[in-house]
Each structure stands twice: as C-alpha cells, then as structure tokens.
file final.txt (compact mmCIF, C-alpha atoms (C1' of nucleotides))
# COMPACT_ATOMS: atom_id res chain seq x y z
CA MET A 1 11.64 0.69 -6.63
CA LYS A 2 10.49 -2.65 -7.83
CA LEU A 3 7.14 -4.06 -8.76
CA ARG A 4 5.59 -5.30 -5.55
CA ARG A 5 2.87 -7.84 -5.92
CA ASP A 6 1.79 -8.71 -2.41
CA PRO A 7 -1.39 -8.23 -0.36
CA PHE A 8 0.04 -5.08 1.26
CA GLN A 9 0.50 -3.45 -2.11
CA ALA A 10 -2.92 -4.67 -3.23
CA ILE A 11 -4.84 -2.97 -0.43
CA ALA A 12 -2.94 0.31 -0.69
CA ASP A 13 -5.41 1.51 -3.32
CA PRO A 14 -8.91 2.45 -2.11
CA THR A 15 -10.60 1.23 -5.30
CA ARG A 16 -8.97 -2.16 -4.92
CA ARG A 17 -10.04 -2.29 -1.28
CA ALA A 18 -13.61 -1.57 -2.39
CA ILE A 19 -13.43 -4.32 -5.00
CA LEU A 20 -12.28 -6.77 -2.35
CA VAL A 21 -15.18 -5.77 -0.11
CA LEU A 22 -17.60 -6.34 -3.00
CA LEU A 23 -16.12 -9.76 -3.66
CA ALA A 24 -16.30 -10.62 0.04
CA ALA A 25 -20.08 -10.59 -0.33
CA GLN A 26 -20.31 -12.48 -3.62
CA THR A 27 -18.58 -13.60 -6.77
CA MET A 28 -19.12 -11.05 -9.53
CA SER A 29 -18.46 -10.54 -13.24
CA ALA A 30 -15.96 -7.89 -14.35
CA GLY A 31 -18.76 -5.71 -15.69
CA ALA A 32 -20.84 -6.00 -12.54
CA ILE A 33 -17.81 -4.96 -10.49
CA ALA A 34 -17.09 -2.01 -12.77
CA ASN A 35 -20.70 -0.81 -12.47
CA ASN A 36 -20.01 0.00 -8.83
CA PHE A 37 -17.40 2.60 -9.69
CA ASP A 38 -17.11 5.90 -11.53
CA ALA A 39 -13.81 4.86 -13.08
CA ALA A 40 -13.67 3.68 -16.69
CA ARG A 41 -14.14 -0.05 -17.17
CA PRO A 42 -10.56 -0.70 -18.37
CA THR A 43 -9.32 1.02 -15.22
CA ILE A 44 -11.22 -1.49 -13.11
CA SER A 45 -9.99 -4.26 -15.38
CA LYS A 46 -6.44 -3.23 -14.54
CA HIS A 47 -7.17 -3.26 -10.83
CA LEU A 48 -8.53 -6.77 -11.24
CA THR A 49 -5.30 -7.76 -12.94
CA VAL A 50 -3.29 -6.35 -10.05
CA LEU A 51 -5.47 -8.15 -7.51
CA SER A 52 -4.93 -11.38 -9.46
CA GLU A 53 -1.18 -10.85 -9.52
CA CYS A 54 -1.28 -10.22 -5.78
CA ASP A 55 -3.12 -13.54 -5.54
CA LEU A 56 -6.14 -12.09 -3.77
CA ILE A 57 -8.71 -13.06 -6.39
CA ASP A 58 -9.40 -15.88 -8.81
CA SER A 59 -11.16 -15.64 -12.15
CA ASN A 60 -13.08 -18.09 -14.23
CA GLN A 61 -14.79 -17.54 -17.52
CA GLN A 62 -18.41 -18.50 -18.10
CA GLY A 63 -19.47 -17.79 -21.62
CA ARG A 64 -18.43 -14.27 -22.46
CA GLU A 65 -18.39 -13.20 -18.83
CA ILE A 66 -15.48 -13.52 -16.45
CA PHE A 67 -16.34 -14.04 -12.83
CA TYR A 68 -14.03 -12.92 -10.06
CA GLU A 69 -13.92 -14.52 -6.67
CA LEU A 70 -12.13 -13.53 -3.49
CA LYS A 71 -9.17 -15.66 -2.45
CA VAL A 72 -9.20 -15.06 1.26
CA ASP A 73 -6.01 -16.94 2.06
CA ASN A 74 -3.51 -14.24 1.14
CA MET A 75 -5.55 -11.73 3.10
CA LYS A 76 -4.50 -13.64 6.17
CA LYS A 77 -0.90 -12.56 5.60
CA ILE A 78 -1.90 -9.03 6.49
CA ASP A 79 -3.71 -10.34 9.52
CA GLN A 80 -0.65 -12.31 10.54
CA TRP A 81 1.61 -9.32 10.15
CA LEU A 82 -0.74 -7.26 12.29
CA GLU A 83 -0.51 -9.85 15.04
CA GLN A 84 2.60 -8.30 16.58
CA PHE A 85 0.89 -4.93 16.89
CA ARG A 86 -2.36 -6.37 18.09
CA LYS A 87 -0.45 -7.60 21.13
CA ILE A 88 0.60 -4.06 21.90
CA TRP A 89 -2.82 -2.51 21.76
CA GLU A 90 -4.31 -5.38 23.73
CA ASP A 91 -1.66 -4.84 26.39
CA ARG A 92 -2.49 -1.16 26.50
CA PHE A 93 -6.14 -2.00 26.82
CA GLU A 94 -5.33 -4.33 29.69
CA ASN A 95 -3.29 -1.59 31.32
CA LEU A 96 -6.18 0.80 30.99
CA ASP A 97 -8.39 -1.90 32.38
CA ASN A 98 -6.12 -2.39 35.37
CA TYR A 99 -5.93 1.32 35.88
CA LEU A 100 -9.69 1.61 35.89
CA SER A 101 -9.90 -1.28 38.35
CA GLN A 102 -7.49 0.49 40.64
CA ILE A 103 -9.65 3.60 40.59
CA GLN A 104 -12.67 1.46 41.36
CA ASN A 105 -10.86 -0.13 44.31
CA LYS A 106 -9.80 3.21 45.71
CA LYS A 107 -13.38 4.36 45.63
CA LYS A 108 -14.46 1.36 47.66
CA MET B 1 -3.85 9.91 -8.46
CA LYS B 2 -3.69 11.78 -5.24
CA LEU B 3 -1.34 11.69 -2.31
CA ARG B 4 -2.70 9.05 0.00
CA ARG B 5 -1.66 9.35 3.60
CA ASP B 6 -3.37 6.54 5.45
CA PRO B 7 -2.21 3.38 7.24
CA PHE B 8 -2.85 1.25 4.14
CA GLN B 9 -0.49 3.37 2.10
CA ALA B 10 2.02 3.41 4.95
CA ILE B 11 2.38 -0.36 5.15
CA ALA B 12 2.59 -0.87 1.39
CA ASP B 13 6.35 -0.34 1.54
CA PRO B 14 8.43 -3.16 3.06
CA THR B 15 10.99 -0.78 4.58
CA ARG B 16 8.24 1.11 6.34
CA ARG B 17 6.77 -2.15 7.60
CA ALA B 18 10.17 -3.07 9.02
CA ILE B 19 10.46 0.34 10.71
CA LEU B 20 7.08 -0.19 12.33
CA VAL B 21 8.16 -3.60 13.59
CA LEU B 22 11.30 -2.05 15.08
CA LEU B 23 9.25 0.62 16.80
CA ALA B 24 6.81 -1.98 18.09
CA ALA B 25 9.65 -3.24 20.28
CA GLN B 26 10.99 0.11 21.43
CA THR B 27 11.21 3.83 20.84
CA MET B 28 14.30 4.63 18.77
CA SER B 29 16.24 7.59 17.47
CA ALA B 30 16.29 8.32 13.71
CA GLY B 31 19.93 7.23 13.49
CA ALA B 32 19.34 4.02 15.40
CA ILE B 33 16.48 3.16 13.06
CA ALA B 34 18.56 3.93 9.97
CA ASN B 35 21.36 1.66 11.22
CA ASN B 36 19.07 -1.30 10.69
CA PHE B 37 18.86 -0.73 6.94
CA ASP B 38 21.12 -0.63 3.91
CA ALA B 39 19.33 2.42 2.53
CA ALA B 40 20.89 5.88 2.88
CA ARG B 41 19.96 7.76 6.04
CA PRO B 42 17.92 10.46 4.24
CA THR B 43 15.91 7.70 2.58
CA ILE B 44 14.94 6.38 6.00
CA SER B 45 14.28 9.93 7.13
CA LYS B 46 11.77 10.27 4.32
CA HIS B 47 10.06 7.03 5.30
CA LEU B 48 9.79 8.39 8.83
CA THR B 49 8.15 11.52 7.44
CA VAL B 50 5.63 9.41 5.53
CA LEU B 51 4.87 7.33 8.61
CA SER B 52 4.32 10.55 10.58
CA GLU B 53 2.01 11.89 7.89
CA CYS B 54 0.11 8.63 7.99
CA ASP B 55 -0.14 9.17 11.73
CA LEU B 56 1.46 5.89 12.66
CA ILE B 57 4.41 7.33 14.58
CA ASP B 58 5.15 10.24 16.88
CA SER B 59 8.46 12.06 17.25
CA ASN B 60 10.00 14.04 20.05
CA GLN B 61 13.36 15.69 20.16
CA GLN B 62 15.81 15.10 22.99
CA GLY B 63 18.91 17.17 22.55
CA ARG B 64 20.11 16.65 19.02
CA GLU B 65 18.42 13.29 18.71
CA ILE B 66 14.86 12.74 17.57
CA PHE B 67 13.07 9.75 19.00
CA TYR B 68 10.31 7.99 17.15
CA GLU B 69 7.55 6.09 18.82
CA LEU B 70 4.84 3.84 17.41
CA LYS B 71 1.30 5.20 17.47
CA VAL B 72 -0.63 1.99 17.54
CA ASP B 73 -4.08 3.51 17.24
CA ASN B 74 -4.14 4.07 13.51
CA MET B 75 -2.86 0.55 13.01
CA LYS B 76 -6.20 -0.61 14.31
CA LYS B 77 -7.88 0.84 11.24
CA ILE B 78 -6.26 -1.88 9.17
CA ASP B 79 -7.37 -4.43 11.71
CA GLN B 80 -10.90 -3.08 11.60
CA TRP B 81 -10.98 -3.18 7.83
CA LEU B 82 -9.80 -6.79 7.91
CA GLU B 83 -12.66 -7.68 10.21
CA GLN B 84 -15.08 -8.30 7.34
CA PHE B 85 -12.71 -10.79 5.74
CA ARG B 86 -11.77 -12.44 9.00
CA LYS B 87 -15.39 -13.50 9.26
CA ILE B 88 -15.11 -15.29 5.95
CA TRP B 89 -12.04 -17.30 6.76
CA GLU B 90 -13.35 -18.15 10.19
CA ASP B 91 -16.56 -19.43 8.59
CA ARG B 92 -14.54 -21.54 6.21
CA PHE B 93 -12.56 -22.90 9.11
CA GLU B 94 -15.80 -23.76 10.87
CA ASN B 95 -17.08 -25.48 7.76
CA LEU B 96 -13.91 -27.53 7.57
CA ASP B 97 -14.32 -28.26 11.24
CA ASN B 98 -17.89 -29.44 10.73
CA TYR B 99 -16.82 -31.52 7.79
CA LEU B 100 -14.13 -33.20 9.84
CA SER B 101 -16.64 -33.85 12.63
CA GLN B 102 -18.99 -35.49 10.15
CA ILE B 103 -16.23 -37.81 9.01
CA GLN B 104 -15.48 -38.62 12.63
CA ASN B 105 -19.16 -39.44 13.25
CA LYS B 106 -19.37 -41.66 10.22
CA LYS B 107 -16.45 -43.67 11.49
CA LYS B 108 -18.15 -44.25 14.83
C1' DT C 1 -24.56 -14.22 -40.37
C1' DA C 2 -24.51 -9.47 -39.00
C1' DT C 3 -24.79 -7.14 -34.65
C1' DA C 4 -24.50 -6.38 -29.88
C1' DT C 5 -22.20 -7.44 -25.57
C1' DA C 6 -18.42 -8.60 -22.26
C1' DT C 7 -13.93 -8.03 -21.44
C1' DG C 8 -8.98 -7.63 -21.99
C1' DT C 9 -4.85 -5.09 -24.20
C1' DA C 10 -2.16 -1.25 -26.26
C1' DG C 11 -0.42 2.90 -25.72
C1' DC C 12 -0.43 7.28 -23.83
C1' DT C 13 -0.14 10.90 -19.76
C1' DA C 14 0.31 13.06 -15.23
C1' DT C 15 1.50 12.09 -10.71
C1' DT C 16 3.68 9.59 -7.02
C1' DT C 17 7.22 6.93 -5.18
C1' DA C 18 11.65 5.46 -3.49
C1' DG C 19 15.99 6.17 -3.87
C1' DC C 20 20.34 9.00 -4.08
C1' DT C 21 23.96 12.97 -3.13
C1' DA C 22 24.83 17.48 -1.46
C1' DC C 23 23.82 20.73 1.89
C1' DG C 24 22.19 23.31 6.09
C1' DC C 25 21.49 23.74 10.94
C1' DA C 26 21.33 22.96 15.73
C1' DA C 27 23.21 20.51 19.70
C1' DA C 28 27.12 18.36 21.93
C1' DT C 29 32.07 17.96 22.65
C1' DG C 30 37.15 18.83 22.42
C1' DC D 1 35.02 28.53 19.86
C1' DA D 2 36.05 25.20 16.31
C1' DT D 3 34.60 20.63 15.29
C1' DT D 4 31.91 16.65 15.31
C1' DT D 5 27.48 14.52 15.42
C1' DG D 6 22.48 13.81 14.46
C1' DC D 7 19.08 14.73 11.47
C1' DG D 8 16.13 17.09 8.24
C1' DT D 9 15.60 19.38 3.46
C1' DA D 10 16.54 20.40 -1.45
C1' DG D 11 16.77 18.82 -5.67
C1' DC D 12 17.41 15.31 -8.84
C1' DT D 13 16.29 10.61 -11.33
C1' DA D 14 14.21 6.21 -12.67
C1' DA D 15 10.46 3.56 -12.07
C1' DA D 16 5.74 2.61 -10.73
C1' DT D 17 0.92 3.89 -10.47
C1' DA D 18 -3.68 5.11 -11.75
C1' DG D 19 -6.15 6.89 -15.00
C1' DC D 20 -7.88 7.53 -19.84
C1' DT D 21 -9.32 6.47 -25.01
C1' DA D 22 -9.05 3.47 -28.81
C1' DC D 23 -8.93 -1.10 -30.32
C1' DA D 24 -9.06 -6.34 -30.58
C1' DT D 25 -11.37 -10.59 -29.63
C1' DA D 26 -14.61 -13.84 -28.36
C1' DT D 27 -19.32 -15.12 -27.22
C1' DA D 28 -24.21 -14.50 -27.52
C1' DT D 29 -28.32 -12.91 -29.95
C1' DA D 30 -31.57 -11.02 -33.61

call {"tool": "encode", "arguments": {"input": "final.txt", "output": "structure tokens"}}
result
Amino acid sequence: MKLRRDPFQAIADPTRRAILVLLAAQTMSAGAIANNFDAARPTISKHLTVLSECDLIDSNQQGREIFYELKVDNMKKIDQWLEQFRKIWEDRFENLDNYLSQIQNKKK
Amino acid sequence: MKLRRDPFQAIADPTRRAILVLLAAQTMSAGAIANNFDAARPTISKHLTVLSECDLIDSNQQGREIFYELKVDNMKKIDQWLEQFRKIWEDRFENLDNYLSQIQNKKK
DNA sequence: TATATATGTAGCTATTTAGCTACGCAAATG
DNA sequence: CATTTGCGTAGCTAAATAGCTACATATATA
C-alpha cells in the first residue's frame, strides 16, 4: 500500500463524511465538531488532520480555538470522476423513458 | 474499525476505480480486466470480490470465463451524497457570476 | 499568577488492507 | 483422457487505519 491522501480516501470513512457535512453548513471549532460525535476528541482531531492532508478543509486559529472550514474545490474531483458514470445512468434513464413512451404509444 | 462494504470504501482504492472505469465501457472477463494492470491476477480477483461485496458489479459465468458488469445503481449513492456539496459550489459560482455582472454594469 | 480551557501530539493496540505466491478446480482443447 | 486455460481461495506479510489514554502547549480567565 501507500499513504493515499486524496478526496476519495478522505470520504471512505463515515466519521469524516459526517464532519464534511457539518462543515458544509458552517465553519466550526475543533471542539464543536468533536461534540457531535461519540469518539474521543483526539480521534476527531486525527480525522481533521487527514481531511487537511486531503485538502478538503482549511484551518485558522482564533485565540485558543481552531476553526475548520470546508474547502469545496477538491470535492469537485469526486464529482468529476463520477461524470463518466453519470452518463451511463442518464442513458439508462433515457432508455427507460423511451421504453415507457413506446408503451404509451401502443396504448393509443 | 469494522469492515466497510459500501461504494465510498470501494472507490477509495485507485485500482478499483480503474476497474470501474473499464467496466463502464464494457462487460469484461476477469482475465481481460487483469490484463490492464501490473498487479498479480489474484490481486485483481480480490478487488473484484470487494467490488461485488460493495454491490458495484455483477458477475456471471460463461463456460470457464467469468464476466463482470458494472452495477451503476450503487454509484448513484456517491452522487447523492455529493448533492449537498454541489449546492455550495454552484452557489459560489453564482456569486462569482453576479460579481462579474456587477463589474460589467459598472463599466457601462 | 494560578487555574481552566482548547487543541494537538505521542505512543500504543487491534483490525483492515493490498499485495504476493502456491494451490485447487472446473471447463475447454489436443 | 491428458493437458491447458481461466479463475477463485488459502495463507502469508507489510503497511495503513481508526481508535484509545496520557501528555504537552498555548490562550483565556478568576
């Protein structure tokens, strides 16, 4: 193996996905984030480190608190990768659509 | 930890992502898939097992060959999860758009 | 200034992962 | 019917992961 630090790796963990969802709503301090989970605070701290390394969040200190903010740009890479599959399921939907139209026409 | 068998886990590995891309184009036999990679054939076989467990591919045997086919439906789960973030970057794009319009107007 | 608070780091463990070689088995072929 | 071919499984290893407790450090507060 090899340490993978990319958005795909980042979202593989459900806790990290939940953190990202939290940060999608608002910027939050490390402690505030951790309060949303059962896991120990250092565990969440580590997840935040991973998310930073995967370049999905930014941090900035304010006093003794550290605020984390979503960096939406790298999220788009997942979206872009999905593009090629999206075409397939849209095609299938179209096919289903056509099929349903055909049934409709036969009825007429 | 706990064995995670979901589409997010499936696409965390780059080899598995590449397999999915291959299968997006066409159904392929296990051997044909393996030929596209440097990894040993059993390694690819294991990735195929994981992808099956994550419910992203289907297999059916034809003679001594086993053909694998993309199951696009579970891919959509990733797409659906991304939805909430897509809103954010679309908003930002709109904001940029508005900003650019304002500049345009000022020039006029 | 002593204390409380916010947060990261060190260091450990159990589990999972990705990879390999060796092997087994069923289907096709000579 | 012996052999080749296609493919999964067993069993191993090194590395990564996710989790924890204990500790260090810096900032705020009494």

call {"tool": "closest_residue", "arguments": {"input": "final.txt", "among": "B:Ala34, B:Arg4, B:Ile11, B:Ala24", "to": "A:Trp89", "atoms": "all atoms listed in the file"}}
result
B:Ala24

call {"tool": "calpha_fit_and_write", "arguments": {"input": "final.txt", "fixed": "chain B", "moving": "chain A", "output": "compact mmCIF listing (two decimals) with C-alpha atoms, keeping the file's coordinate frame"}}
result
# COMPACT_ATOMS: atom_id res chain seq x y z
CA MET A 1 -3.76 9.58 -8.48
CA LYS A 2 -3.63 11.58 -5.34
CA LEU A 3 -1.36 11.59 -2.36
CA ARG A 4 -2.72 8.99 0.02
CA ARG A 5 -1.68 9.34 3.59
CA ASP A 6 -3.39 6.52 5.44
CA PRO A 7 -2.23 3.39 7.27
CA PHE A 8 -2.88 1.25 4.17
CA GLN A 9 -0.51 3.35 2.12
CA ALA A 10 2.01 3.39 4.96
CA ILE A 11 2.36 -0.38 5.19
CA ALA A 12 2.56 -0.90 1.43
CA ASP A 13 6.33 -0.39 1.58
CA PRO A 14 8.40 -3.21 3.12
CA THR A 15 10.96 -0.82 4.62
CA ARG A 16 8.21 1.10 6.37
CA ARG A 17 6.72 -2.15 7.64
CA ALA A 18 10.14 -3.07 9.06
CA ILE A 19 10.44 0.32 10.73
CA LEU A 20 7.05 -0.17 12.36
CA VAL A 21 8.12 -3.58 13.63
CA LEU A 22 11.28 -2.03 15.11
CA LEU A 23 9.24 0.66 16.82
CA ALA A 24 6.80 -1.94 18.14
CA ALA A 25 9.63 -3.21 20.33
CA GLN A 26 10.97 0.16 21.48
CA THR A 27 11.20 3.87 20.86
CA MET A 28 14.27 4.65 18.78
CA SER A 29 16.25 7.62 17.44
CA ALA A 30 16.28 8.30 13.69
CA GLY A 31 19.91 7.21 13.46
CA ALA A 32 19.34 4.01 15.39
CA ILE A 33 16.46 3.16 13.06
CA ALA A 34 18.55 3.90 9.97
CA ASN A 35 21.35 1.63 11.23
CA ASN A 36 19.03 -1.33 10.72
CA PHE A 37 18.83 -0.77 6.98
CA ASP A 38 21.09 -0.71 3.94
CA ALA A 39 19.31 2.34 2.55
CA ALA A 40 20.89 5.78 2.87
CA ARG A 41 19.95 7.68 6.02
CA PRO A 42 17.94 10.39 4.21
CA THR A 43 15.92 7.62 2.57
CA ILE A 44 14.93 6.33 5.99
CA SER A 45 14.29 9.89 7.10
CA LYS A 46 11.77 10.21 4.29
CA HIS A 47 10.05 7.00 5.29
CA LEU A 48 9.78 8.38 8.81
CA THR A 49 8.16 11.49 7.40
CA VAL A 50 5.64 9.39 5.51
CA LEU A 51 4.88 7.32 8.61
CA SER A 52 4.34 10.56 10.54
CA GLU A 53 2.01 11.90 7.86
CA CYS A 54 0.11 8.62 7.98
CA ASP A 55 -0.14 9.20 11.73
CA LEU A 56 1.48 5.90 12.65
CA ILE A 57 4.41 7.36 14.58
CA ASP A 58 5.16 10.28 16.85
CA SER A 59 8.47 12.08 17.23
CA ASN A 60 10.02 14.06 20.01
CA GLN A 61 13.39 15.70 20.12
CA GLN A 62 15.82 15.12 22.96
CA GLY A 63 18.95 17.14 22.52
CA ARG A 64 20.19 16.61 19.01
CA GLU A 65 18.44 13.27 18.67
CA ILE A 66 14.88 12.73 17.53
CA PHE A 67 13.10 9.77 18.98
CA TYR A 68 10.32 8.01 17.12
CA GLU A 69 7.56 6.12 18.81
CA LEU A 70 4.84 3.89 17.42
CA LYS A 71 1.30 5.25 17.47
CA VAL A 72 -0.65 2.04 17.56
CA ASP A 73 -4.09 3.58 17.24
CA ASN A 74 -4.15 4.09 13.49
CA MET A 75 -2.88 0.56 13.02
CA LYS A 76 -6.22 -0.56 14.34
CA LYS A 77 -7.91 0.87 11.25
CA ILE A 78 -6.30 -1.86 9.20
CA ASP A 79 -7.40 -4.39 11.76
CA GLN A 80 -10.93 -3.04 11.63
CA TRP A 81 -11.02 -3.18 7.86
CA LEU A 82 -9.83 -6.77 7.96
CA GLU A 83 -12.70 -7.66 10.26
CA GLN A 84 -15.11 -8.31 7.41
CA PHE A 85 -12.73 -10.80 5.82
CA ARG A 86 -11.81 -12.42 9.08
CA LYS A 87 -15.44 -13.47 9.35
CA ILE A 88 -15.16 -15.27 6.05
CA TRP A 89 -12.09 -17.27 6.86
CA GLU A 90 -13.42 -18.12 10.30
CA ASP A 91 -16.61 -19.38 8.67
CA ARG A 92 -14.58 -21.49 6.29
CA PHE A 93 -12.61 -22.86 9.18
CA GLU A 94 -15.85 -23.72 10.95
CA ASN A 95 -17.09 -25.43 7.81
CA LEU A 96 -13.92 -27.45 7.61
CA ASP A 97 -14.34 -28.21 11.27
CA ASN A 98 -17.89 -29.41 10.73
CA TYR A 99 -16.79 -31.44 7.77
CA LEU A 100 -14.09 -33.12 9.80
CA SER A 101 -16.61 -33.82 12.56
CA GLN A 102 -18.90 -35.45 10.05
CA ILE A 103 -16.10 -37.72 8.89
CA GLN A 104 -15.37 -38.59 12.50
CA ASN A 105 -19.03 -39.44 13.10
CA LYS A 106 -19.22 -41.64 10.04
CA LYS A 107 -16.23 -43.57 11.27
CA LYS A 108 -17.94 -44.24 14.57

call {"tool": "closest_residue", "arguments": {"input": "final.txt", "among": "A:Ala10, A:Leu82, A:Leu3, A:Ile44", "to": "A:Leu56", "atoms": "only C-alpha atoms"}}
result
A:Ala10

call {"tool": "interface_residues", "arguments": {"input": "final.txt", "of": "chain D", "to": "chain B", "cutoff": "8 Å", "atoms": "all atoms listed in the file", "output": "PyMOL selection string"}}
result
chain D and resi 6-8+17-19

call {"tool": "write_last_selection", "arguments": {"input": "final.txt", "atoms": "C-alpha atoms (C1' of nucleotides)", "output": "CSV table (one decimal), keeping the file's coordinate frame"}}
result
chain,number,residue,atom,x,y,z
D,6,DG,C1',22.5,13.8,14.5
D,7,DC,C1',19.1,14.7,11.5
D,8,DG,C1',16.1,17.1,8.2
D,17,DT,C1',0.9,3.9,-10.5
D,18,DA,C1',-3.7,5.1,-11.8
D,19,DG,C1',-6.2,6.9,-15.0

call {"tool": "closest_atom_pairs", "arguments": {"input": "final.txt", "of": "chain A", "to": "chain B", "cutoff": "9 Å", "atoms": "only C-alpha atoms", "output": "JSON lines"}}
result
{"residue": "A:Arg4", "atom": "CA", "partner": "B:Asp13", "partner_atom": "CA", "distance": 8.7}
{"residue": "A:Asp6", "atom": "CA", "partner": "B:Ala12", "partner_atom": "CA", "distance": 8.7}
{"residue": "A:Pro7", "atom": "CA", "partner": "B:Ala12", "partner_atom": "CA", "distance": 8.5}
{"residue": "A:Phe8", "atom": "CA", "partner": "B:Ala12", "partner_atom": "CA", "distance": 4.9}
{"residue": "A:Gln9", "atom": "CA", "partner": "B:Ala12", "partner_atom": "CA", "distance": 4.8}
{"residue": "A:Ala10", "atom": "CA", "partner": "B:Ala12", "partner_atom": "CA", "distance": 8.1}
{"residue": "A:Ile11", "atom": "CA", "partner": "B:Phe8", "partner_atom": "CA", "distance": 6.5}
{"residue": "A:Ala12", "atom": "CA", "partner": "B:Gln9", "partner_atom": "CA", "distance": 4.8}
{"residue": "A:Asp13", "atom": "CA", "partner": "B:Gln9", "partner_atom": "CA", "distance": 7.6}
{"residue": "A:Pro14", "atom": "CA", "partner": "B:Phe8", "partner_atom": "CA", "distance": 8.8}
{"residue": "A:Val21", "atom": "CA", "partner": "B:Gln84", "partner_atom": "CA", "distance": 7.9}
{"residue": "A:Ala24", "atom": "CA", "partner": "B:Phe85", "partner_atom": "CA", "distance": 6.7}
{"residue": "A:Val72", "atom": "CA", "partner": "B:Trp89", "partner_atom": "CA", "distance": 6.6}
{"residue": "A:Asp73", "atom": "CA", "partner": "B:Trp89", "partner_atom": "CA", "distance": 7.7}
{"residue": "A:Met75", "atom": "CA", "partner": "B:Phe85", "partner_atom": "CA", "distance": 7.7}
{"residue": "A:Lys76", "atom": "CA", "partner": "B:Arg86", "partner_atom": "CA", "distance": 7.9}
{"residue": "A:Ile78", "atom": "CA", "partner": "B:Leu82", "partner_atom": "CA", "distance": 8.3}
{"residue": "A:Asp79", "atom": "CA", "partner": "B:Leu82", "partner_atom": "CA", "distance": 7.2}
{"residue": "A:Leu82", "atom": "CA", "partner": "B:Asp79", "partner_atom": "CA", "distance": 7.2}
{"residue": "A:Gln84", "atom": "CA", "partner": "B:Ala24", "partner_atom": "CA", "distance": 7.7}
{"residue": "A:Phe85", "atom": "CA", "partner": "B:Ala24", "partner_atom": "CA", "distance": 6.7}
{"residue": "A:Arg86", "atom": "CA", "partner": "B:Lys76", "partner_atom": "CA", "distance": 7.9}
{"residue": "A:Ile88", "atom": "CA", "partner": "B:Val72", "partner_atom": "CA", "distance": 7.6}
{"residue": "A:Trp89", "atom": "CA", "partner": "B:Val72", "partner_atom": "CA", "distance": 6.5}

call {"tool": "write_last_selection", "arguments": {"input": "final.txt", "atoms": "C-alpha atoms", "output": "PDB file, in the frame of the given file"}}
result
ATOM      1  CA  ARG A   4       5.590  -5.300  -5.550  1.00  0.00           C
ATOM      2  CA  ASP A   6       1.790  -8.710  -2.410  1.00  0.00           C
ATOM      3  CA  PRO A   7      -1.390  -8.230  -0.360  1.00  0.00           C
ATOM      4  CA  PHE A   8       0.040  -5.080   1.260  1.00  0.00           C
ATOM      5  CA  GLN A   9       0.500  -3.450  -2.110  1.00  0.00           C
ATOM      6  CA  ALA A  10      -2.920  -4.670  -3.230  1.00  0.00           C
ATOM      7  CA  ILE A  11      -4.840  -2.970  -0.430  1.00  0.00           C
ATOM      8  CA  ALA A  12      -2.940   0.310  -0.690  1.00  0.00           C
ATOM      9  CA  ASP A  13      -5.410   1.510  -3.320  1.00  0.00           C
ATOM     10  CA  PRO A  14      -8.910   2.450  -2.110  1.00  0.00           C
ATOM     11  CA  VAL A  21     -15.180  -5.770  -0.110  1.00  0.00           C
ATOM     12  CA  ALA A  24     -16.300 -10.620   0.040  1.00  0.00           C
ATOM     13  CA  VAL A  72      -9.200 -15.060   1.260  1.00  0.00           C
ATOM     14  CA  ASP A  73      -6.010 -16.940   2.060  1.00  0.00           C
ATOM     15  CA  MET A  75      -5.550 -11.730   3.100  1.00  0.00           C
ATOM     16  CA  LYS A  76      -4.500 -13.640   6.170  1.00  0.00           C
ATOM     17  CA  ILE A  78      -1.900  -9.030   6.490  1.00  0.00           C
ATOM     18  CA  ASP A  79      -3.710 -10.340   9.520  1.00  0.00           C
ATOM     19  CA  LEU A  82      -0.740  -7.260  12.290  1.00  0.00           C
ATOM     20  CA  GLN A  84       2.600  -8.300  16.580  1.00  0.00           C
ATOM     21  CA  PHE A  85       0.890  -4.930  16.890  1.00  0.00           C
ATOM     22  CA  ARG A  86      -2.360  -6.370  18.090  1.00  0.00           C
ATOM     23  CA  ILE A  88       0.600  -4.060  21.900  1.00  0.00           C
ATOM     24  CA  TRP A  89      -2.820  -2.510  21.760  1.00  0.00           C
TER      25      TRP A  89
END

call {"tool": "atom_distance", "arguments": {"input": "final.txt", "atom1": "atom CA of B:Ile33", "atom2": "atom CA of B:Ala18"}}
result
9.7 Å

call {"tool": "closest_residue", "arguments": {"input": "final.txt", "among": "B:His47, B:Phe37, B:Glu53, B:Ser59", "to": "B:Arg5", "atoms": "all atoms listed in the file"}}
result
B:Glu53

call {"tool": "atom_distance", "arguments": {"input": "final.txt", "atom1": "atom CA of A:Ser52", "atom2": "atom CA of B:Asp91"}}
result
22.9 Å

call {"tool": "residues_around", "arguments": {"input": "final.txt", "residues": "C:DA2", "least_positions_apart": "2", "cutoff": "12 Å", "atoms": "all atoms listed in the file", "output": "PyMOL selection string"}}
result
(chain C and resi 4) or (chain D and resi 29-30)

call {"tool": "atom_distance", "arguments": {"input": "final.txt", "atom1": "atom C1' of C:DC20", "atom2": "atom CA of B:Thr43"}}
result
8.1 Å

call {"tool": "interface_residues", "arguments": {"input": "final.txt", "of": "chain C", "to": "chain A", "cutoff": "10 Å", "atoms": "only C-alpha atoms (C1' of nucleotides)", "output": "list in words"}}
result
DT5, DA6, DT7, DG8, DT9, DT17, DA18 and DG19 of chain C

call {"tool": "axis_aligned_box", "arguments": {"input": "final.txt", "around": "stretch 37-56 of chain B", "padding_each_side": "8 Å", "output": "AutoDock Vina command-line options"}}
result
--center_x 10.5 --center_y 5.6 --center_z 7.6 --size_x 37.3 --size_y 28.6 --size_z 26.1

call {"tool": "residues_near_point", "arguments": {"input": "final.txt", "point": "(-2.7, 2.9, -25.1)", "cutoff": "8 Å", "atoms": "all atoms listed in the file", "output": "PyMOL selection string"}}
result
(chain C and resi 10-12) or (chain D and resi 21-22)

call {"tool": "write_last_selection", "arguments": {"input": "final.txt", "atoms": "C-alpha atoms (C1' of nucleotides)", "output": "PDB file, in the coordinates of the input"}}
result
ATOM      1  C1'  DA C  10      -2.160  -1.250 -26.260  1.00  0.00           C
ATOM      2  C1'  DG C  11      -0.420   2.900 -25.720  1.00  0.00           C
ATOM      3  C1'  DC C  12      -0.430   7.280 -23.830  1.00  0.00           C
TER       4       DC C  12
ATOM      5  C1'  DT D  21      -9.320   6.470 -25.010  1.00  0.00           C
ATOM      6  C1'  DA D  22      -9.050   3.470 -28.810  1.00  0.00           C
TER       7       DA D  22
END
